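**Student:** File follows, protein34.tsv with TSV, C-alpha atoms:
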```
chain	number	residue	atom	x	y	z
A	344	MET	CA	78.58	169.24	93.29
A	345	SER	CA	82.01	169.96	94.75
A	346	ASP	CA	83.37	168.66	98.04
A	347	PHE	CA	82.80	172.06	99.63
A	348	LEU	CA	79.67	173.42	97.93
A	349	ALA	CA	76.52	171.55	96.97
A	350	HIS	CA	75.31	174.22	94.50
A	351	PRO	CA	78.36	176.28	93.49
A	352	TRP	CA	76.51	177.94	90.59
A	353	TRP	CA	74.63	180.07	93.12
A	354	LEU	CA	77.89	181.94	93.65
A	355	LEU	CA	77.12	183.72	90.37
A	356	ALA	CA	74.49	185.63	92.33
A	357	THR	CA	77.33	187.49	94.02
A	358	LEU	CA	77.64	189.39	90.74
A	359	LEU	CA	74.20	190.87	91.42
A	360	VAL	CA	75.34	191.99	94.87
A	361	LEU	CA	78.47	193.54	93.37
A	362	ALA	CA	76.32	195.23	90.73
A	363	LEU	CA	74.11	196.62	93.50
A	364	ALA	CA	77.20	197.96	95.27
A	365	ALA	CA	78.43	199.57	92.04
A	366	ALA	CA	75.00	201.11	91.43
A	367	TYR	CA	75.00	202.56	94.95
A	368	VAL	CA	78.43	204.13	94.44
A	369	TYR	CA	77.28	205.57	91.10
A	370	VAL	CA	74.09	207.06	92.54
A	371	MET	CA	75.94	208.56	95.51
A	372	ARG	CA	78.47	210.22	93.23
A	373	ARG	CA	75.74	211.61	90.95
A	374	ARG	CA	73.84	212.95	93.95
A	375	LYS	CA	76.98	214.58	95.35
A	376	ALA	CA	77.77	216.12	91.98
A	377	ARG	CA	74.27	217.64	91.68
A	378	THR	CA	74.44	218.93	95.23
A	379	LEU	CA	77.78	220.61	94.66
A	380	ALA	CA	76.57	222.12	91.40
A	381	PHE	CA	73.47	223.88	92.76
A	382	ALA	CA	73.97	224.31	96.52
A	383	ASN	CA	75.59	227.11	98.51
A	384	LEU	CA	78.54	225.25	100.04
A	385	ASP	CA	78.88	227.50	103.09
A	386	MET	CA	75.22	227.14	103.93
A	387	LEU	CA	75.35	223.37	103.25
A	388	ARG	CA	78.23	222.93	105.68
A	389	SER	CA	76.40	224.89	108.37
A	390	VAL	CA	73.22	222.79	108.26
A	391	THR	CA	74.72	219.36	107.64
A	392	PRO	CA	75.56	217.32	110.79
A	393	ARG	CA	79.31	216.72	111.04
A	394	ASN	CA	78.99	212.98	111.64
A	395	GLN	CA	76.51	212.30	108.87
A	396	ASP	CA	79.13	211.75	106.17
A	397	ARG	CA	81.14	209.50	108.45
A	398	PHE	CA	78.37	206.94	108.97
A	399	LYS	CA	76.01	207.34	106.04
A	400	HIS	CA	77.48	204.42	104.08
A	401	VAL	CA	77.58	202.01	107.03
A	402	PRO	CA	73.98	200.70	106.62
A	403	VAL	CA	74.51	199.87	102.96
A	404	ALA	CA	77.85	198.20	103.70
A	405	ILE	CA	76.21	196.02	106.37
A	406	LEU	CA	73.35	195.16	104.03
A	407	LEU	CA	75.71	194.21	101.20
A	408	VAL	CA	77.76	191.94	103.47
A	409	GLY	CA	74.53	190.30	104.62
A	410	LEU	CA	73.48	189.71	101.01
A	411	LEU	CA	76.87	188.16	100.23
A	412	LEU	CA	76.48	185.76	103.17
A	413	LEU	CA	72.96	184.84	102.03
A	414	THR	CA	74.27	184.20	98.54
A	415	PHE	CA	76.98	181.95	99.93
A	416	ALA	CA	74.36	180.11	101.99
A	417	MET	CA	72.36	179.42	98.82
A	418	SER	CA	75.44	177.75	97.30
A	419	GLY	CA	75.09	175.00	99.93
A	420	PRO	CA	78.33	174.99	101.94
A	421	MET	CA	79.17	171.48	103.18
A	422	ALA	CA	80.90	170.43	106.38
A	423	GLU	CA	81.64	167.26	108.30
A	424	ARG	CA	79.56	166.75	111.42
A	425	ASP	CA	78.57	164.05	113.86
A	426	VAL	CA	75.28	162.44	112.84
A	427	PRO	CA	73.43	160.09	115.23
A	428	ARG	CA	73.49	156.50	114.03
A	429	ASN	CA	70.13	154.84	113.53
A	430	ARG	CA	71.57	151.40	112.71
A	431	ALA	CA	74.23	149.84	114.93
A	432	THR	CA	74.67	147.05	117.47
A	433	VAL	CA	76.62	147.25	120.71
A	434	MET	CA	77.18	144.31	123.04
A	435	LEU	CA	78.26	145.27	126.54
A	436	VAL	CA	80.27	142.40	128.07
A	437	VAL	CA	80.88	142.65	131.83
A	438	ASP	CA	83.20	140.52	133.97
A	439	VAL	CA	81.40	139.28	137.13
A	440	SER	CA	84.20	137.10	138.51
A	441	ASN	CA	84.87	137.33	142.24
A	442	SER	CA	87.77	139.74	141.71
A	443	MET	CA	85.19	142.36	140.73
A	444	ASN	CA	84.30	142.51	144.42
A	445	ALA	CA	87.55	144.36	145.16
A	446	THR	CA	87.05	147.73	146.81
A	447	ASP	CA	90.05	149.54	145.34
A	448	VAL	CA	87.37	151.28	143.27
A	449	ALA	CA	84.65	152.52	145.62
A	450	PRO	CA	82.23	151.11	146.53
A	451	SER	CA	83.47	148.05	144.59
A	452	ARG	CA	84.59	147.32	141.07
A	453	LEU	CA	81.29	145.65	140.21
A	454	LYS	CA	79.05	148.35	141.67
A	455	ALA	CA	81.04	151.06	139.93
A	456	ALA	CA	80.80	149.11	136.67
A	457	GLN	CA	77.03	148.83	137.13
A	458	ALA	CA	76.64	152.57	137.69
A	459	ALA	CA	78.82	153.52	134.73
A	460	GLY	CA	77.14	150.95	132.48
A	461	GLN	CA	73.71	152.35	133.28
A	462	ARG	CA	74.88	155.83	132.40
A	463	PHE	CA	76.34	154.48	129.15
A	464	ALA	CA	72.95	152.95	128.31
A	465	ASP	CA	71.22	156.25	129.12
A	466	ASP	CA	73.50	158.29	126.86
A	467	LEU	CA	73.60	155.88	123.92
A	468	THR	CA	71.78	157.03	120.78
A	469	ASP	CA	68.17	155.82	120.66
A	470	GLY	CA	68.43	153.89	117.39
A	471	ILE	CA	71.28	151.63	118.53
A	472	ASN	CA	70.59	148.03	119.54
A	473	LEU	CA	72.21	147.40	122.93
A	474	GLY	CA	72.73	144.00	124.56
A	475	LEU	CA	74.36	142.71	127.73
A	476	ILE	CA	76.56	139.68	128.43
A	477	SER	CA	77.95	138.75	131.84
A	478	PHE	CA	80.74	136.23	132.26
A	479	ALA	CA	82.68	134.47	134.98
A	480	GLY	CA	83.37	130.75	134.51
A	481	THR	CA	80.70	130.78	131.78
A	482	ALA	CA	78.91	133.48	129.82
A	483	SER	CA	75.25	134.44	130.12
A	484	THR	CA	73.22	136.51	127.69
A	485	LEU	CA	71.19	138.78	129.94
A	486	VAL	CA	69.80	141.06	127.22
A	487	SER	CA	69.72	140.33	123.49
A	488	PRO	CA	70.47	143.45	121.43
A	489	THR	CA	67.45	145.75	121.47
A	490	PRO	CA	66.75	149.48	121.10
A	491	ASP	CA	65.14	149.29	124.56
A	492	HIS	CA	68.16	150.45	126.55
A	493	ASP	CA	66.20	150.30	129.80
A	494	ALA	CA	66.34	146.50	129.55
A	495	THR	CA	70.12	146.65	129.85
A	496	LYS	CA	69.91	149.09	132.75
A	497	ARG	CA	67.59	146.76	134.65
A	498	ALA	CA	69.80	143.74	133.95
A	499	LEU	CA	72.91	145.58	135.15
A	500	GLU	CA	71.29	146.03	138.55
A	501	LYS	CA	70.98	142.25	138.94
A	502	LEU	CA	74.58	141.22	138.18
A	503	LYS	CA	75.90	138.56	140.57
A	504	LEU	CA	79.48	137.51	141.26
A	505	ALA	CA	80.72	134.00	140.40
A	506	ASP	CA	83.93	131.95	140.24
A	507	LYS	CA	86.57	131.95	137.48
A	508	THR	CA	87.09	134.17	134.44
A	509	ALA	CA	86.26	132.93	130.93
A	510	THR	CA	86.94	136.04	128.87
A	511	GLY	CA	86.72	134.22	125.55
A	512	GLU	CA	83.26	132.87	126.36
A	513	GLY	CA	82.01	136.39	126.97
A	514	ILE	CA	83.27	137.58	123.59
A	515	PHE	CA	81.97	134.51	121.74
A	516	ALA	CA	78.52	134.98	123.31
A	517	ALA	CA	78.47	138.60	122.15
A	518	LEU	CA	79.48	137.62	118.61
A	519	THR	CA	76.69	135.03	118.51
A	520	GLN	CA	74.13	137.67	119.43
A	521	ILE	CA	75.49	140.00	116.75
A	522	GLN	CA	75.34	137.25	114.11
A	523	THR	CA	71.74	136.45	115.05
A	524	LEU	CA	70.66	140.08	114.82
A	525	ASN	CA	72.52	140.60	111.53
A	526	ALA	CA	70.64	137.66	110.02
A	527	VAL	CA	67.40	139.48	110.79
A	528	LEU	CA	68.42	143.05	110.00
A	529	GLY	CA	70.71	142.40	107.05
A	530	GLY	CA	69.22	143.77	103.84
A	531	PRO	CA	70.29	145.63	100.70
A	532	ASP	CA	72.37	147.97	102.87
A	533	GLY	CA	74.10	145.06	104.60
A	534	ALA	CA	74.32	144.36	108.30
A	535	PRO	CA	74.55	147.34	110.64
A	536	PRO	CA	77.95	148.12	112.17
A	537	ALA	CA	78.61	146.33	115.46
A	538	ARG	CA	81.00	146.60	118.36
A	539	VAL	CA	81.75	144.71	121.56
A	540	VAL	CA	82.61	146.70	124.70
A	541	LEU	CA	84.39	144.41	127.17
A	542	LEU	CA	84.93	145.46	130.79
A	543	SER	CA	87.16	143.23	132.87
A	544	ASP	CA	89.72	143.45	135.65
A	545	GLY	CA	91.77	140.28	135.64
A	546	THR	CA	93.54	137.51	133.84
A	547	GLN	CA	91.56	134.81	132.07
A	548	THR	CA	91.49	131.58	134.09
A	549	VAL	CA	89.25	129.41	131.86
A	550	PRO	CA	90.71	127.98	129.68
A	551	GLU	CA	94.32	128.22	130.82
A	552	SER	CA	95.64	129.78	127.61
A	553	PRO	CA	93.93	132.69	125.84
A	554	ASP	CA	95.01	131.06	122.57
A	555	ASP	CA	92.92	127.94	123.24
A	556	PRO	CA	89.92	127.43	120.91
A	557	ARG	CA	87.62	129.15	123.46
A	558	GLY	CA	90.22	131.61	124.77
A	559	GLY	CA	90.12	135.38	124.72
A	560	PHE	CA	92.72	135.84	121.98
A	561	THR	CA	90.97	133.29	119.76
A	562	ALA	CA	87.67	135.11	120.29
A	563	ALA	CA	89.36	138.41	119.40
A	564	ARG	CA	90.64	136.94	116.13
A	565	LYS	CA	87.13	135.69	115.35
A	566	ALA	CA	85.77	139.18	116.00
A	567	LYS	CA	88.35	140.58	113.58
A	568	GLU	CA	87.18	138.13	110.89
A	569	MET	CA	83.59	139.28	111.43
A	570	GLY	CA	84.56	142.95	111.29
A	571	VAL	CA	83.47	143.50	114.89
A	572	PRO	CA	86.03	145.49	116.93
A	573	VAL	CA	86.27	144.68	120.63
A	574	SER	CA	86.98	147.75	122.74
A	575	THR	CA	88.38	146.65	126.11
A	576	ILE	CA	88.35	148.48	129.43
A	577	SER	CA	90.84	147.40	132.08
A	578	PHE	CA	89.05	148.39	135.28
A	579	GLY	CA	90.71	148.58	138.69
A	580	THR	CA	94.15	149.14	140.16
A	581	LEU	CA	97.27	147.10	140.86
A	582	THR	CA	96.49	147.11	144.57
A	583	GLY	CA	93.05	145.48	144.48
A	584	THR	CA	92.36	142.66	146.95
A	585	VAL	CA	89.44	140.37	147.82
A	586	GLU	CA	88.72	138.00	150.67
A	587	ILE	CA	88.15	134.34	149.79
A	588	GLU	CA	87.55	131.23	151.83
A	589	SER	CA	90.73	129.47	152.89
A	590	PRO	CA	91.16	125.67	153.03
A	591	SER	CA	91.23	125.91	156.83
A	592	GLY	CA	87.70	127.28	156.87
A	593	GLY	CA	88.50	130.94	157.49
A	594	THR	CA	89.14	133.70	154.97
A	595	GLN	CA	92.27	135.02	153.36
A	596	ARG	CA	93.01	138.19	151.43
A	597	VAL	CA	94.19	137.69	147.84
A	598	ASN	CA	95.69	140.26	145.49
A	599	VAL	CA	93.67	140.82	142.30
A	600	PRO	CA	95.62	143.37	140.22
A	601	VAL	CA	94.27	144.38	136.84
A	602	ASP	CA	95.72	142.69	133.76
A	603	ASP	CA	96.25	145.44	131.20
A	604	GLU	CA	98.37	143.40	128.80
A	605	SER	CA	95.85	140.70	127.93
A	606	LEU	CA	93.02	143.20	127.49
A	607	ARG	CA	95.24	145.42	125.34
A	608	LYS	CA	96.07	142.44	123.13
A	609	ILE	CA	92.40	141.50	122.76
A	610	ALA	CA	91.69	145.04	121.57
A	611	ASN	CA	94.65	145.00	119.17
A	612	LEU	CA	93.78	141.58	117.72
A	613	SER	CA	90.17	142.57	117.07
A	614	GLY	CA	90.83	146.06	115.76
A	615	GLY	CA	89.29	147.75	118.78
A	616	ASP	CA	90.54	150.31	121.29
A	617	PHE	CA	92.05	149.74	124.73
A	618	TYR	CA	91.19	151.87	127.76
A	619	THR	CA	92.12	151.90	131.42
A	620	ALA	CA	90.05	153.16	134.33
A	621	SER	CA	90.96	153.11	138.00
A	622	SER	CA	87.96	154.99	139.38
A	623	LEU	CA	84.26	155.45	138.73
A	624	ASP	CA	84.81	158.89	137.21
A	625	GLU	CA	87.48	157.55	134.86
A	626	LEU	CA	85.19	154.72	133.82
A	627	LYS	CA	82.39	157.18	133.10
A	628	ASP	CA	84.81	159.19	130.96
A	629	VAL	CA	85.76	156.06	129.00
A	630	TYR	CA	82.12	155.19	128.42
A	631	SER	CA	81.44	158.77	127.34
A	632	THR	CA	84.23	158.50	124.76
A	633	LEU	CA	82.88	155.19	123.50
A	634	GLN	CA	79.35	156.58	123.35
A	635	LYS	CA	80.51	159.37	121.05
A	636	GLN	CA	82.42	156.92	118.85
A	637	ILE	CA	79.60	154.39	118.66
A	638	GLY	CA	76.54	156.62	118.74
A	639	TYR	CA	77.63	159.00	115.99
A	640	GLU	CA	79.31	158.87	112.62
A	641	ARG	CA	81.09	161.58	110.65
A	642	GLN	CA	79.20	162.64	107.55
A	643	ARG	CA	79.45	165.53	105.14
A	644	GLY	CA	76.22	167.46	105.13
A	645	ASP	CA	74.60	170.84	104.60
A	646	ASN	CA	76.15	173.64	106.65
A	647	SER	CA	74.23	176.59	105.23
A	648	ARG	CA	72.24	177.37	108.39
A	649	PRO	CA	74.88	179.51	110.19
A	650	TRP	CA	75.56	181.46	106.99
A	651	MET	CA	71.84	181.98	106.44
A	652	ILE	CA	71.36	183.20	110.01
A	653	ALA	CA	74.35	185.56	109.83
A	654	GLY	CA	73.25	186.98	106.48
A	655	THR	CA	69.68	187.54	107.62
A	656	LEU	CA	70.76	189.25	110.85
A	657	LEU	CA	73.15	191.54	108.98
A	658	ALA	CA	70.45	192.46	106.45
A	659	ILE	CA	68.06	193.36	109.28
A	660	LEU	CA	70.83	195.26	111.08
A	661	GLY	CA	71.56	197.21	107.91
A	662	ALA	CA	67.91	198.22	107.61
A	663	PHE	CA	67.77	199.40	111.24
A	664	ALA	CA	71.06	201.24	110.83
A	665	ALA	CA	69.63	203.10	107.84
A	666	LEU	CA	66.59	204.15	109.87
A	667	PHE	CA	68.56	205.44	112.84
A	668	LEU	CA	71.69	206.80	111.16
A	669	ASN	CA	70.28	208.27	107.96
A	670	ARG	CA	66.62	208.47	108.95
A	671	ARG	CA	65.76	206.60	105.78
A	672	LEU	CA	66.22	203.15	104.23
A	673	PRO	CA	69.28	202.82	102.00
```
Render the structure in this file as structure tokens.

**Tutor:**
Amino acid sequence: MSDFLAHPWWLLATLLVLALAAAYVYVMRRRKARTLAFANLDMLRSVTPRNQDRFKHVPVAILLVGLLLLTFAMSGPMAERDVPRNRATVMLVVDVSNSMNATDVAPSRLKAAQAAGQRFADDLTDGINLGLISFAGTASTLVSPTPDHDATKRALEKLKLADKTATGEGIFAALTQIQTLNAVLGGPDGAPPARVVLLSDGTQTVPESPDDPRGGFTAARKAKEMGVPVSTISFGTLTGTVEIESPSGGTQRVNVPVDDESLRKIANLSGGDFYTASSLDELKDVYSTLQKQIGYERQRGDNSRPWMIAGTLLAILGAFAALFLNRRLP
């Protein structure tokens, strides 16, 4: 088997098609020679339609091209295509810190994230195990990875805001879930591929440094060791604000701009991809891109169907053309 054809020896059948074409040319020449030898040429020209000679070979030409395409189809042409994955794990990690209440993304960052996450769960390939982690000051496993994507959709509806941002805890919680599932699913084919999709809007606040043992950068390095890329989505704008309680008992408005740099570094350290989204539509586009990356894999496979269809249609067209142009099959 070659890289392009699964059964290249079937191409030898094209010799039969070429032989058929040669036989047709031979028969046509013999017939013309006999006609010229015994017919009255003036009378023949007067009774023969002028356009008959122009189109009489078209049906056979169409039929021969169709046969060539069918022969090529039998040789098993190969092509790369996207094949749905039936073994993979995706952990969706969502920031629920108070900054996600900012309304720079309507109706709010959190509500937009919920809507886009539910659509992501809807579009994800059926065979993929999907789980959900929420994090603020601590991380909570809301849904362990499962092929029941509706469980994640239901959990997304119930997300609640909380204080602080412990990005590393969210990643570590996702890695723990992946390790647990791999221990169950791992077999002769090894553990299924896994990925963490992290959506956040701000700087880590717990612990102080992302390089601390439980920090975001440390978690990203751990993910790299496990072969689990962390794709990060920086969600929001530089002008986001939220209202918080002030020491005097009232409220005060605080700026909560997105932190692209830390999320980009987490993606780079783990081998994942970094995305930005400043609106619900942009976030949906990011999730759509991730869904295509995660839900499908490129594989070389059989691509004979279009050639088979084209060859069959041309063969049928050639037969009809013979009936209507020559009033007989070729």

**Student:** With only C-alpha atoms as the counted atoms, please give the residues lying no more than 7 Å from segment 405-408 of chain A, apart from itself and same-chain residues fewer than 2 positions off, as a list in words.

**Tutor:**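 Those residues are Val360, Val401, Pro402, Val403, Leu410, Leu411, Leu412, Leu657, Ala658 and Gly661 of chain A.
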
**Student:** Tell me, in Å to one decimal, how far atom CA of Gly460 of chain A is from atom CA of Ala566 of chain A.

**Tutor:** 22.0 Å

**Student:** Ranking A:Ile514, A:Ala664, A:Leu355, A:Ala526 by minimum distance to Lys565 of chain A and counting all atoms listed in the file, which one comes first?

**Tutor:**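 Of A:Ile514, A:Ala664, A:Leu355, A:Ala526, the one nearest Lys565 of chain A, counting all atoms listed in the file, is A:Ile514.
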
**Student:** Name the residues within 10 Å of (72.2, 148.6, 114.8), counting only C-alpha atoms in the file's coordinates, and put them as number ranges by chain.

**Tutor:** A: 428-433, 470-473, 488-490, 521, 524-525, 528, 534-538, 638

**Student:** For Ala349 of chain A, which residue out of A:Leu502, A:Asn646, A:Glu604, A:Thr414 is the nearest one, using all atoms listed in the file?

**Tutor:** A:Asn646

**Student:** Counting only C-alpha atoms, what is within 8 Å of Thr510 of chain A, bar same-chain residues fewer than 3 positions away, as a ChimeraX atom specification?

**Tutor:** /A:438,478-479,513-514,547,549,558-559

**Student:** Which polymer residues have any atom within 6 Å of an atom of Leu542 of chain A, counting all atoms listed in the file, with same-chain residues fewer than 6 positions away left out, as a list in words?

**Tutor:**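 My reading of the contact set: Val437, Thr575 and Ile576 of chain A.
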